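Below is the file model.txt, which contains compact mmCIF, C-alpha atoms and all ligand atoms.
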```
# COMPACT_ATOMS: atom_id res chain seq x y z
CA MET O 23 0.00 0.00 0.00
CA GLU O 24 1.09 3.55 -0.69
CA LYS O 25 2.70 5.16 2.34
CA LEU O 26 1.26 8.32 3.86
CA ASN O 27 3.55 11.35 3.98
CA ILE O 28 3.73 13.10 7.32
CA VAL O 29 5.22 16.43 8.35
CA VAL O 30 5.80 16.65 12.10
CA LEU O 31 5.55 20.05 13.77
CA THR O 32 6.99 20.29 17.25
CA GLU O 33 9.37 22.51 19.15
CA ASP O 34 10.57 19.56 21.19
CA MET O 35 13.50 17.47 19.86
CA ASP O 36 12.72 14.49 22.10
CA LEU O 37 9.18 14.41 20.77
CA ARG O 38 10.44 14.09 17.20
CA ILE O 39 12.16 10.86 18.16
CA HIS O 40 9.24 9.67 20.29
CA ILE O 41 6.81 10.17 17.39
CA LYS O 42 9.07 8.62 14.81
CA ASN O 43 9.34 5.51 16.96
CA ARG O 44 5.57 5.31 17.29
CA LEU O 45 4.76 5.51 13.60
CA SER O 46 4.89 2.23 11.74
CA SER O 47 7.42 2.60 8.95
CA GLU O 48 5.28 0.39 6.71
CA ALA O 49 2.41 2.85 6.75
CA PHE O 50 4.15 6.21 6.95
CA VAL O 51 7.13 8.22 5.81
CA ILE O 52 8.11 11.33 7.69
CA SER O 53 8.93 13.83 4.98
CA GLY O 54 9.98 16.62 7.27
CA TYR O 55 10.12 18.18 10.71
CA SER O 56 9.70 21.77 11.70
CA ASP O 57 8.77 24.03 14.56
CA PHE O 58 5.65 26.20 14.43
CA GLY O 59 7.14 29.01 12.35
CA SER O 60 7.19 30.40 8.85
CA ALA O 61 9.59 27.64 7.77
CA ALA O 62 6.81 25.15 8.54
CA VAL O 63 4.41 26.83 6.12
CA LEU O 64 6.97 26.62 3.35
CA LYS O 65 7.59 22.97 4.13
CA ILE O 66 3.92 22.08 4.13
CA GLU O 67 3.11 24.04 0.99
CA ASN O 68 5.93 22.36 -0.88
CA MET O 69 5.66 18.83 0.39
CA PHE O 70 1.93 18.24 0.11
CA PRO O 71 1.92 15.97 3.16
CA ASP O 72 -1.10 13.75 3.74
CA VAL O 73 -0.85 14.40 7.46
CA ILE O 74 0.39 17.35 9.52
CA LEU O 75 1.12 16.02 12.98
CA CYS O 76 1.45 18.74 15.61
CA ALA O 77 2.86 17.61 18.93
CA THR O 78 3.64 19.14 22.28
CA GLN O 79 4.17 18.20 25.89
CA GLY O 80 1.44 19.80 27.97
CA GLU O 81 -0.79 22.44 26.44
CA PHE O 82 -0.63 23.98 22.98
CA SER O 83 0.03 27.71 23.34
CA PRO O 84 -2.50 30.19 21.87
CA ALA O 85 0.13 31.15 19.28
CA GLN O 86 0.53 27.51 18.24
CA LEU O 87 -3.23 27.06 17.95
CA ASP O 88 -3.46 30.21 15.83
CA PHE O 89 -0.72 28.85 13.64
CA ILE O 90 -2.53 25.53 13.23
CA GLN O 91 -5.72 27.34 12.26
CA ASN O 92 -3.77 29.32 9.71
CA VAL O 93 -2.41 26.13 8.19
CA TYR O 94 -5.91 24.65 8.12
CA THR O 95 -7.43 27.58 6.30
CA SER O 96 -4.63 27.97 3.77
CA ILE O 97 -3.73 24.38 2.93
CA ALA O 98 -6.16 21.86 1.52
CA GLY O 99 -5.58 18.17 1.19
CA SER O 100 -3.63 17.61 4.43
CA VAL O 101 -5.27 16.39 7.60
CA ILE O 102 -4.18 17.91 10.92
CA VAL O 103 -3.65 15.65 13.92
CA LEU O 104 -2.70 16.93 17.38
CA MET O 105 -0.74 14.88 19.89
CA THR O 106 -0.10 15.75 23.53
CA ASP O 107 0.27 14.07 26.88
CA LYS O 108 -2.53 16.29 28.18
CA VAL O 109 -5.77 15.63 26.32
CA THR O 110 -8.50 17.75 27.96
CA VAL O 111 -12.07 18.58 27.00
CA GLU O 112 -10.91 22.13 26.46
CA LEU O 113 -8.29 20.99 23.98
CA LEU O 114 -10.83 18.89 22.08
CA ASN O 115 -12.98 22.00 21.66
CA GLU O 116 -10.04 24.12 20.61
CA ALA O 117 -8.90 21.45 18.17
CA ALA O 118 -12.30 21.39 16.49
CA GLN O 119 -12.20 25.17 16.21
CA VAL O 120 -8.77 25.35 14.59
CA GLY O 121 -9.52 22.54 12.14
CA ALA O 122 -7.66 19.56 13.59
CA ARG O 123 -9.42 16.28 12.87
CA GLN O 124 -7.92 14.14 15.63
CA VAL O 125 -6.45 14.65 19.08
CA LEU O 126 -4.41 11.74 20.34
CA PRO O 127 -2.45 11.08 23.52
CA LEU O 128 1.31 10.82 23.06
CA ASP O 129 1.27 7.28 24.44
CA THR O 130 -1.31 5.94 21.95
CA PRO O 131 -0.18 2.39 21.10
CA MET O 132 1.43 2.05 17.67
CA GLY O 133 -1.32 -0.06 16.06
CA GLU O 134 -4.08 2.24 17.22
CA LEU O 135 -2.12 5.34 16.21
CA THR O 136 -1.56 3.94 12.71
CA GLU O 137 -5.25 3.11 12.25
CA LYS O 138 -6.50 6.46 13.55
CA ILE O 139 -4.15 8.51 11.41
CA LYS O 140 -4.87 6.41 8.33
CA ALA O 141 -8.61 6.83 8.84
CA ALA O 142 -8.26 10.59 9.26
CA ALA O 143 -6.09 10.90 6.15
CA PHE O 144 -8.52 8.77 4.16
CA LEU O 145 -11.43 11.05 5.06
CA GLU O 146 -9.41 14.12 4.12
CA ARG O 147 -8.53 12.56 0.77
CA GLN O 148 -12.18 11.93 0.04
CA ARG O 149 -13.06 15.46 1.06
CA SER O 150 -10.38 17.03 -1.11
CA SER O 151 -11.12 14.83 -4.11
CA ASP O 152 -14.69 16.16 -3.87
CA LEU O 153 -13.24 19.65 -3.98
CA VAL O 154 -11.43 18.65 -7.18
CA LEU O 155 -7.94 19.71 -6.22
CA GLY O 156 -5.37 19.67 -8.98
CA PRO O 157 -2.95 16.76 -9.19
CA ARG O 158 -0.53 16.78 -6.28
CA THR O 159 2.92 16.49 -7.72
CA ARG O 160 5.53 16.10 -5.07
CA SER O 161 9.19 16.50 -5.87
CA ARG O 162 11.77 13.98 -4.69
CA VAL O 163 15.02 14.93 -3.04
CA LEU O 164 17.80 12.37 -3.39
CA GLY O 165 21.09 12.56 -1.53
CA PHE O 166 24.24 10.78 -2.79
CA PHE O 167 26.51 9.92 0.06
CA SER O 168 29.18 7.69 1.55
CA GLY O 169 31.67 8.29 4.31
CA LYS O 170 34.49 7.57 1.90
CA GLY O 171 35.94 9.59 -0.99
CA GLY O 172 36.30 8.12 -4.45
CA THR O 173 33.42 5.63 -4.40
CA GLY O 174 31.71 7.47 -7.26
CA LYS O 175 29.09 9.69 -5.60
CA THR O 176 29.70 12.56 -7.99
CA THR O 177 29.97 10.37 -11.09
CA VAL O 178 26.72 8.61 -10.22
CA SER O 179 24.77 11.70 -9.14
CA VAL O 180 25.79 13.74 -12.20
CA ASN O 181 24.98 10.96 -14.66
CA THR O 182 21.71 10.12 -12.89
CA ALA O 183 20.72 13.80 -13.06
CA VAL O 184 21.39 13.89 -16.80
CA ALA O 185 19.53 10.61 -17.36
CA LEU O 186 16.50 11.92 -15.46
CA ALA O 187 16.56 15.14 -17.49
CA ARG O 188 16.64 13.04 -20.67
CA GLU O 189 13.44 11.41 -19.47
CA GLY O 190 11.89 14.86 -19.49
CA LYS O 191 12.07 15.48 -15.76
CA ARG O 192 12.86 18.86 -14.24
CA VAL O 193 16.10 18.27 -12.37
CA LEU O 194 18.20 20.37 -10.03
CA LEU O 195 21.62 19.11 -8.99
CA ILE O 196 23.11 20.74 -5.88
CA ASP O 197 26.83 20.31 -5.28
CA CYS O 198 26.94 20.11 -1.52
CA ASP O 199 30.56 19.00 -1.31
CA LEU O 200 31.30 22.56 -0.30
CA GLN O 201 35.07 22.28 -0.02
CA PHE O 202 35.98 19.98 -2.86
CA GLY O 203 32.90 19.91 -5.06
CA ASP O 204 33.62 19.01 -8.66
CA VAL O 205 30.21 18.59 -10.26
CA ASN O 206 31.00 21.53 -12.55
CA LEU O 207 34.06 19.69 -13.93
CA LEU O 208 32.05 16.61 -14.84
CA LEU O 209 29.60 18.83 -16.72
CA ASP O 210 32.19 21.19 -18.17
CA LEU O 211 30.59 24.22 -16.54
CA GLU O 212 32.41 27.32 -15.45
CA PRO O 213 30.18 28.90 -12.86
CA LYS O 214 30.17 32.62 -12.35
CA ASP O 215 28.00 32.29 -9.28
CA THR O 216 27.72 29.43 -6.82
CA ILE O 217 25.89 28.44 -3.68
CA VAL O 218 28.02 30.93 -1.67
CA GLU O 219 26.92 33.90 -3.74
CA LEU O 220 23.36 32.67 -3.37
CA VAL O 221 23.38 32.52 0.43
CA GLN O 222 25.02 35.95 0.61
CA GLU O 223 22.51 37.54 -1.75
CA ARG O 224 20.66 40.38 -0.03
CA GLY O 225 17.29 39.32 -1.41
CA GLY O 226 17.50 36.00 0.45
CA ILE O 227 17.07 32.44 -0.75
CA MET O 228 14.15 32.83 -3.16
CA ILE O 229 13.44 30.75 -6.21
CA ASP O 230 14.34 33.59 -8.58
CA ASN O 231 17.73 33.96 -6.92
CA ILE O 232 18.33 30.22 -6.93
CA ARG O 233 17.64 30.15 -10.65
CA ALA O 234 19.85 33.18 -11.23
CA PHE O 235 22.76 31.64 -9.34
CA SER O 236 22.43 28.19 -10.94
CA MET O 237 23.72 27.14 -14.34
CA VAL O 238 21.72 25.22 -16.87
CA HIS O 239 23.62 22.36 -18.52
CA SER O 240 22.88 21.45 -22.15
CA SER O 241 21.03 18.33 -20.91
CA GLY O 242 18.53 20.59 -19.16
CA VAL O 243 19.83 19.89 -15.65
CA SER O 244 20.02 23.01 -13.46
CA VAL O 245 23.18 22.98 -11.36
CA LEU O 246 23.91 24.87 -8.18
CA CYS O 247 27.69 24.65 -8.01
CA ALA O 248 29.95 24.39 -4.97
CA PRO O 249 32.03 27.43 -3.94
CA LYS O 250 34.95 28.20 -6.22
CA SER O 251 37.33 28.14 -3.30
CA ALA O 252 37.29 25.79 -0.30
CA GLU O 253 37.70 28.64 2.14
CA PHE O 254 34.18 29.92 1.31
CA ALA O 255 32.61 26.64 2.35
CA GLU O 256 32.01 27.74 5.92
CA LEU O 257 29.74 30.57 4.77
CA VAL O 258 27.12 28.01 3.82
CA THR O 259 25.23 26.70 6.86
CA ALA O 260 22.98 23.74 7.56
CA ARG O 261 20.04 26.15 7.71
CA HIS O 262 20.84 27.48 4.24
CA ILE O 263 20.75 23.96 2.82
CA GLU O 264 17.40 23.25 4.44
CA THR O 265 15.95 26.51 3.10
CA ILE O 266 17.26 25.92 -0.42
CA ILE O 267 15.67 22.46 -0.50
CA ASP O 268 12.37 23.76 0.88
CA VAL O 269 12.24 26.60 -1.62
CA VAL O 270 13.06 24.60 -4.76
CA ARG O 271 10.72 21.66 -4.12
CA PRO O 272 7.72 22.95 -6.10
CA TYR O 273 9.82 23.83 -9.13
CA PHE O 274 11.60 20.55 -9.86
CA ASP O 275 10.60 16.89 -10.15
CA PHE O 276 13.95 15.74 -8.77
CA ILE O 277 16.49 17.50 -6.62
CA LEU O 278 19.77 15.59 -6.43
CA VAL O 279 22.29 16.50 -3.76
CA ASP O 280 25.90 15.39 -4.13
CA LEU O 281 27.46 15.26 -0.68
CA ALA O 282 30.91 15.43 0.86
CA PRO O 283 32.21 12.17 2.35
CA ALA O 284 31.67 13.22 5.97
CA PHE O 285 28.97 13.72 8.55
CA ASN O 286 28.93 17.42 9.39
CA ASP O 287 26.18 19.99 10.02
CA VAL O 288 25.67 20.64 6.33
CA SER O 289 25.56 17.02 5.20
CA ILE O 290 23.33 16.03 8.11
CA SER O 291 20.92 18.84 7.23
CA ALA O 292 20.86 17.68 3.61
CA ILE O 293 20.32 14.07 4.70
CA GLU O 294 17.48 15.07 7.03
CA ASN O 295 15.83 17.01 4.26
CA CYS O 296 16.10 14.41 1.53
CA ASP O 297 13.53 11.73 0.82
CA GLN O 298 16.00 9.04 -0.17
CA LEU O 299 19.69 8.65 0.45
CA MET O 300 21.73 6.73 -2.08
CA LEU O 301 24.77 5.26 -0.34
CA VAL O 302 27.38 4.76 -3.03
CA TYR O 303 29.88 2.02 -2.23
CA ASN O 304 32.27 -0.36 -3.98
CA LEU O 305 32.97 -4.05 -3.66
CA GLU O 306 35.98 -3.87 -1.39
CA ILE O 307 36.58 -4.21 2.31
CA LEU O 308 37.08 -0.52 3.18
CA SER O 309 33.79 0.35 1.53
CA LEU O 310 32.04 -2.42 3.41
CA LYS O 311 33.42 -1.26 6.74
CA ASN O 312 32.56 2.34 5.95
CA ALA O 313 29.01 1.36 4.98
CA LYS O 314 28.60 -0.35 8.35
CA VAL O 315 29.67 2.72 10.31
CA CYS O 316 27.64 4.99 8.08
CA LEU O 317 24.45 2.98 8.53
CA GLU O 318 25.00 2.93 12.30
CA ILE O 319 25.29 6.72 12.37
CA LEU O 320 22.22 7.07 10.15
CA GLU O 321 20.37 4.86 12.60
CA GLN O 322 21.33 7.17 15.47
CA LEU O 323 20.22 10.15 13.42
CA GLN O 324 16.89 8.40 12.78
CA GLN O 325 17.61 8.50 9.05
CA ARG O 326 18.42 4.90 8.26
CA ASP O 327 15.12 4.08 6.61
CA LYS O 328 15.90 6.55 3.82
CA ALA O 329 19.08 4.72 2.89
CA GLN O 330 19.50 2.66 -0.28
CA LEU O 331 22.66 0.86 -1.27
CA VAL O 332 24.08 1.61 -4.71
CA ILE O 333 27.08 -0.49 -5.64
CA ASN O 334 29.36 1.36 -8.03
CA LYS O 335 32.40 -0.09 -9.86
CA ASN O 336 30.69 -3.47 -9.85
CA LEU O 337 33.16 -6.18 -10.79
CA ASN O 338 33.95 -9.73 -9.94
CA SER O 339 35.60 -9.47 -6.56
CA MET O 340 36.05 -11.25 -3.25
CA ILE O 341 33.29 -9.13 -1.80
CA LYS O 342 29.96 -9.65 -3.51
CA ILE O 343 26.72 -7.74 -3.76
CA LYS O 344 25.17 -10.60 -1.80
CA ASP O 345 27.56 -9.86 1.09
CA TYR O 346 26.20 -6.32 1.33
CA GLU O 347 22.65 -7.64 1.21
CA ASN O 348 23.29 -10.26 3.88
CA ILE O 349 25.22 -8.02 6.24
CA PHE O 350 22.87 -5.04 6.07
CA GLU O 351 19.69 -7.03 5.55
CA MET O 352 18.54 -4.83 2.70
CA PRO O 353 18.47 -5.32 -1.05
CA VAL O 354 21.02 -3.49 -3.17
CA TYR O 355 19.02 -0.84 -5.03
CA ALA O 356 21.26 -0.68 -8.09
CA ALA O 357 24.65 -1.84 -9.32
CA ILE O 358 26.80 0.06 -11.81
CA ALA O 359 29.52 -1.57 -13.87
CA ASN O 360 33.18 -0.95 -13.27
CA ASP O 361 34.54 0.93 -16.29
CA ILE O 362 37.42 3.15 -15.38
CA LYS O 363 38.18 3.98 -19.01
CA THR O 364 34.74 5.42 -19.74
CA ALA O 365 34.42 7.04 -16.31
CA ASN O 366 37.74 8.85 -16.56
CA LEU O 367 37.42 9.76 -20.22
CA CYS O 368 34.08 11.40 -19.57
CA LEU O 369 35.37 13.06 -16.43
CA ASN O 370 38.30 14.55 -18.31
CA LYS O 371 36.12 15.78 -21.15
CA GLY O 372 33.33 17.02 -18.92
CA GLN O 373 30.78 14.93 -20.81
CA PRO O 374 28.42 12.64 -18.88
CA PHE O 375 28.65 9.09 -20.23
CA VAL O 376 24.89 8.50 -20.13
CA THR O 377 24.65 10.75 -23.18
CA SER O 378 28.15 10.80 -24.69
CA LEU O 379 28.78 7.02 -24.56
CA PRO O 380 25.25 5.68 -24.15
CA LYS O 381 26.04 2.15 -25.32
CA THR O 382 28.53 1.34 -22.57
CA GLN O 383 27.39 -0.88 -19.71
CA ILE O 384 28.15 1.83 -17.15
CA ALA O 385 25.79 4.21 -19.03
CA LYS O 386 23.09 1.53 -19.27
CA ASP O 387 23.36 0.83 -15.55
CA VAL O 388 23.01 4.47 -14.57
CA ARG O 389 20.06 4.89 -16.92
CA ALA O 390 18.45 1.86 -15.27
CA LEU O 391 19.03 3.49 -11.87
CA ALA O 392 17.41 6.73 -13.10
CA LYS O 393 14.46 4.76 -14.48
CA LYS O 394 14.00 2.94 -11.20
CA ILE O 395 14.07 6.23 -9.33
CA SER O 396 11.57 7.90 -11.63
CA GLN O 397 9.19 4.96 -11.62
CA GLU O 398 9.10 4.65 -7.88
CA LYS O 399 5.89 5.71 -6.20
CA GLN O 400 5.93 8.61 -3.79
N1 LIG O 501 31.61 2.87 -12.33
C1 LIG O 501 32.88 3.29 -12.32
N2 LIG O 501 33.86 2.53 -12.84
C2 LIG O 501 35.14 2.93 -12.82
N3 LIG O 501 35.55 4.09 -12.31
C3 LIG O 501 34.63 4.92 -11.78
C4 LIG O 501 33.24 4.55 -11.77
N4 LIG O 501 32.59 5.57 -11.17
C5 LIG O 501 33.49 6.50 -10.82
N5 LIG O 501 34.72 6.12 -11.20
C6 LIG O 501 35.98 6.87 -11.02
O1 LIG O 501 36.26 6.93 -9.63
C7 LIG O 501 36.89 8.17 -9.31
C8 LIG O 501 36.13 8.84 -8.19
O2 LIG O 501 34.83 9.17 -8.63
P1 LIG O 501 33.97 10.34 -7.98
O3 LIG O 501 32.64 10.31 -8.65
O4 LIG O 501 34.72 11.62 -8.00
O5 LIG O 501 33.86 9.81 -6.48
P2 LIG O 501 33.35 10.57 -5.15
O6 LIG O 501 32.46 11.67 -5.58
O7 LIG O 501 32.67 9.51 -4.38
O8 LIG O 501 34.58 11.05 -4.44
C9 LIG O 501 36.92 8.97 -10.59
O9 LIG O 501 38.19 8.83 -11.16
C10 LIG O 501 35.86 8.31 -11.46
O10 LIG O 501 36.13 8.45 -12.83
MG MG O 502 32.56 13.74 -5.11
```
Translate this file's structure into structure tokens.
Amino acid sequence: MEKLNIVVLTEDMDLRIHIKNRLSSEAFVISGYSDFGSAAVLKIENMFPDVILCATQGEFSPAQLDFIQNVYTSIAGSVIVLMTDKVTVELLNEAAQVGARQVLPLDTPMGELTEKIKAAAFLERQRSSDLVLGPRTRSRVLGFFSGKGGTGKTTVSVNTAVALAREGKRVLLIDCDLQFGDVNLLLDLEPKDTIVELVQERGGIMIDNIRAFSMVHSSGVSVLCAPKSAEFAELVTARHIETIIDVVRPYFDFILVDLAPAFNDVSISAIENCDQLMLVYNLEILSLKNAKVCLEILEQLQQRDKAQLVINKNLNSMIKIKDYENIFEMPVYAAIANDIKTANLCLNKGQPFVTSLPKTQIAKDVRALAKKISQEKQ
């Protein structure tokens, strides 16, 4: 069954974790978290969640209730559910007034919580289909990551972006390897402006500025390049990355984020704000060990269920795809052939192999990955 998308609004970090643990991962995906502020409105408008789950310990403040009412009146198609440890008759009345459909105690057992939220979302869907809302297209944000340099994150993300654009999708590629980003080299782009100029722009991070500071590659992919010099990297913060992703969502079908091989504030923010995280690894022992540590950290960050394994440089080796699948108890999402000649030739020329050498196995494999991504249901 199709999973329901949830945005969780709470000011309380512990509650985020509490709620995540209470939602069955088979029925729901949490597409974002926010506090009750203007950033939340942006998130909700752009993500089209099925459910907006507002949670607090104790009472909701008048300002929070006002905010919830605002969301209710301005956003159709999402059902609002309140959760608190203090369910009172007064709150039930207030909830009805501000447009929340359900009020649930924080300790509602998982099965009951799942059923109640599903029922509420189902009713809202019926209501909004009666109102004949337009089709809800939701963009997908895909991170490309590994804790190890050289596994092929950039090669795979760039070529996947181009393959998706060739399928007619609107694609933005963000080079989030802020110190050593080289997406522009693989696409033979010489950026005048980059992500640093964007975040310093007086007008703020608006879609018009993002477009103005991006470059459009001949394949149609829009590219937001990494700073021209590593020393500028620190000017870009985790908050900037979150805002950029929130702002661009309605304008692209796919937003691909190429990440640096490290957990830091910026990469964690990107990971938290992406829908799927492609972990790019190779068939050798250091990759395997790195994947293990990486998945453990993702687990601690409550992000492991976004992770997919992509095996790059696939060749006959001591370590097999099956080993990854057995050790991590998850299927490998895609495997891409080892072809150093094609990979390096295309890198040196700045021409993605999916279009410049489309008949090679490596190009076929990346196109298959792009197809799988684009065919996947939201
Ligand atoms: N499937 C592949 N087969 C052979 N070599 C590859 C493949 N993918 C990438 N490479 C090569 O591996 C090196 C590192 O790739 P890169 O994409 O920069 O990795 P990362 O972004 O993970 O650091 C480059 O020389 C690239 O050409
Ligand atoms: Mg890279």
Kindly provide the residues of range 114-227 of chain O that approach range 262-269 of chain O to within 12 Å, each paired with its closest atom pair and their distance in Å to one decimal, based on only C-alpha atoms, listed by chain and increasing number, as CSV.
```
residue,atom,partner,partner_atom,distance
O:Arg160,CA,O:Asp268,CA,11.9
O:Ser161,CA,O:Ile267,CA,10.3
O:Arg162,CA,O:Ile267,CA,10.2
O:Val163,CA,O:Ile267,CA,8.0
O:Leu164,CA,O:Ile267,CA,10.7
O:Gly165,CA,O:Ile267,CA,11.3
O:Leu194,CA,O:Ile267,CA,10.1
O:Leu195,CA,O:Ile267,CA,10.9
O:Ile196,CA,O:Ile267,CA,9.3
O:Asp197,CA,O:Ile263,CA,10.8
O:Cys198,CA,O:Ile263,CA,8.5
O:Asp199,CA,O:Ile263,CA,11.7
O:Leu200,CA,O:Ile263,CA,11.1
O:Ile217,CA,O:Ile263,CA,9.4
O:Val218,CA,O:His262,CA,9.9
O:Glu219,CA,O:His262,CA,11.9
O:Leu220,CA,O:His262,CA,9.5
O:Val221,CA,O:His262,CA,6.8
O:Gln222,CA,O:His262,CA,10.1
O:Glu223,CA,O:His262,CA,11.8
O:Gly226,CA,O:His262,CA,9.9
O:Ile227,CA,O:Ile266,CA,6.5
```
Exercise. Determine, counting all atoms listed in the file, which protein, DNA and RNA residues have an atom within 10 Å of an atom of Asn370 in chain O; residues of the same chain fewer than 2 positions away are not included. Present the result as JSON, numbers by chain.
Key: {"O": [207, 208, 209, 210, 364, 365, 366, 367, 368, 372, 373]}
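When all atoms listed in the file are used to measure the gap to Ile74 in chain O, the shortest distance among O:Val29, O:Ile52, O:Ile41, O:Ala356 belongs to O:Val29.
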Self-check item: Exercise answer, 10 Å around ligand MG 502 (chain O) with all atoms listed in the file, as a PyMOL selection string
Solution: chain O and resi 166-168+170-180+197-199+202-205+280-283
Quiz item: Out of O:Ile307, O:Phe276, O:Leu37, O:Asn206, which residue has the shortest atom-to-atom distance to ligand LIG 501 (chain O) when counting all atoms listed in the file?
Solution: O:Asn206
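Between CA of Arg44 in chain O and CA of Thr130 in chain O the separation is 8.3 Å.
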Coordinates of box centre and edge lengths for ligand LIG 501 (chain O), 5 Å on every side, axis-aligned, as AutoDock Vina command-line options:
```
--center_x 34.9 --center_y 7.1 --center_z -8.6 --size_x 16.6 --size_y 19.1 --size_z 18.5
```
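If you measure from each of O:Glu24, O:Glu137, O:Glu306, O:Asp387 to ligand LIG 501 (chain O) using only C-alpha atoms and all ligand atoms, the closest one turns out to be O:Asp387.
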Self-check item: Contacts of Ala357 in chain O within 9 Å, all atoms listed in the file, excl. fewer than 2 positions in-chain, as JSON, numbers by chain
Solution: {"O": [331, 332, 333, 334, 335, 336, 343, 354, 355, 359, 387, 388, 391]}
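Counting only C-alpha atoms and all ligand atoms and comparing O:Leu317, O:Leu186, O:Asn181, O:Ile102, the residue that lies closest to ligand LIG 501 (chain O) is O:Asn181.
With distances restricted to all atoms listed in the file, O:Pro374 is the closest residue to ligand LIG 501 (chain O) from O:Gly99, O:Pro374, O:Pro272, O:Gly59.
Note that CA of Asp275 in chain O and CA of Ser396 in chain O are 9.2 Å apart.
The nearest approach to Arg188 in chain O among the residues O:Gly133, O:Pro380, O:Pro249, O:Pro127, with all atoms listed in the file taken into account, belongs to O:Pro380.
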Counting only C-alpha atoms, what are the residues of range 109-143 of chain O within 10 Å of range 83-93 of chain O, and for each of them which pair of atoms is the nearest and at what distance in Å, to one decimal? Sort the table by chain and rising number, as JSON lines.
```
{"residue": "O:Leu113", "atom": "CA", "partner": "O:Leu87", "partner_atom": "CA", "distance": 9.9}
{"residue": "O:Glu116", "atom": "CA", "partner": "O:Leu87", "partner_atom": "CA", "distance": 7.9}
{"residue": "O:Ala117", "atom": "CA", "partner": "O:Leu87", "partner_atom": "CA", "distance": 8.0}
{"residue": "O:Ala118", "atom": "CA", "partner": "O:Gln91", "partner_atom": "CA", "distance": 9.8}
{"residue": "O:Gln119", "atom": "CA", "partner": "O:Gln91", "partner_atom": "CA", "distance": 7.9}
{"residue": "O:Val120", "atom": "CA", "partner": "O:Gln91", "partner_atom": "CA", "distance": 4.3}
{"residue": "O:Gly121", "atom": "CA", "partner": "O:Gln91", "partner_atom": "CA", "distance": 6.1}
{"residue": "O:Ala122", "atom": "CA", "partner": "O:Ile90", "partner_atom": "CA", "distance": 7.9}
```
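CA of Pro213 in chain O is positioned 11.3 Å from CA of Ala234 in chain O.
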All heavy atoms are what I want for range 337-341 of chain O; can you complete it accordingly and write them as a compact mmCIF listing (two decimals), in the coordinates of the input?
```txt
# COMPACT_ATOMS: atom_id res chain seq x y z
N LEU O 337 32.30 -5.25 -10.07
CA LEU O 337 33.16 -6.18 -10.79
C LEU O 337 33.24 -7.47 -10.00
O LEU O 337 32.76 -7.54 -8.86
CB LEU O 337 34.55 -5.58 -11.05
CG LEU O 337 35.53 -5.45 -9.89
CD1 LEU O 337 36.83 -4.87 -10.38
CD2 LEU O 337 35.02 -4.65 -8.73
N ASN O 338 33.84 -8.46 -10.63
CA ASN O 338 33.95 -9.73 -9.94
C ASN O 338 35.02 -9.60 -8.86
O ASN O 338 36.18 -9.39 -9.15
CB ASN O 338 34.36 -10.79 -10.98
CG ASN O 338 33.88 -12.14 -10.55
OD1 ASN O 338 33.42 -12.29 -9.41
ND2 ASN O 338 34.00 -13.11 -11.42
N SER O 339 34.60 -9.68 -7.62
CA SER O 339 35.60 -9.47 -6.56
C SER O 339 35.31 -10.41 -5.40
O SER O 339 34.30 -11.10 -5.37
CB SER O 339 35.57 -8.00 -6.14
OG SER O 339 35.13 -7.86 -4.84
N MET O 340 36.22 -10.40 -4.43
CA MET O 340 36.05 -11.25 -3.25
C MET O 340 34.75 -10.89 -2.53
O MET O 340 34.04 -11.72 -2.02
CB MET O 340 37.20 -10.98 -2.27
CG MET O 340 38.50 -11.58 -2.67
SD MET O 340 38.58 -13.23 -2.05
CE MET O 340 38.82 -12.91 -0.30
N ILE O 341 34.51 -9.59 -2.47
CA ILE O 341 33.29 -9.13 -1.80
C ILE O 341 32.19 -9.02 -2.85
O ILE O 341 32.41 -8.49 -3.94
CB ILE O 341 33.54 -7.78 -1.11
CG1 ILE O 341 34.57 -8.04 -0.04
CG2 ILE O 341 32.26 -7.18 -0.54
CD1 ILE O 341 34.86 -6.94 0.88
```
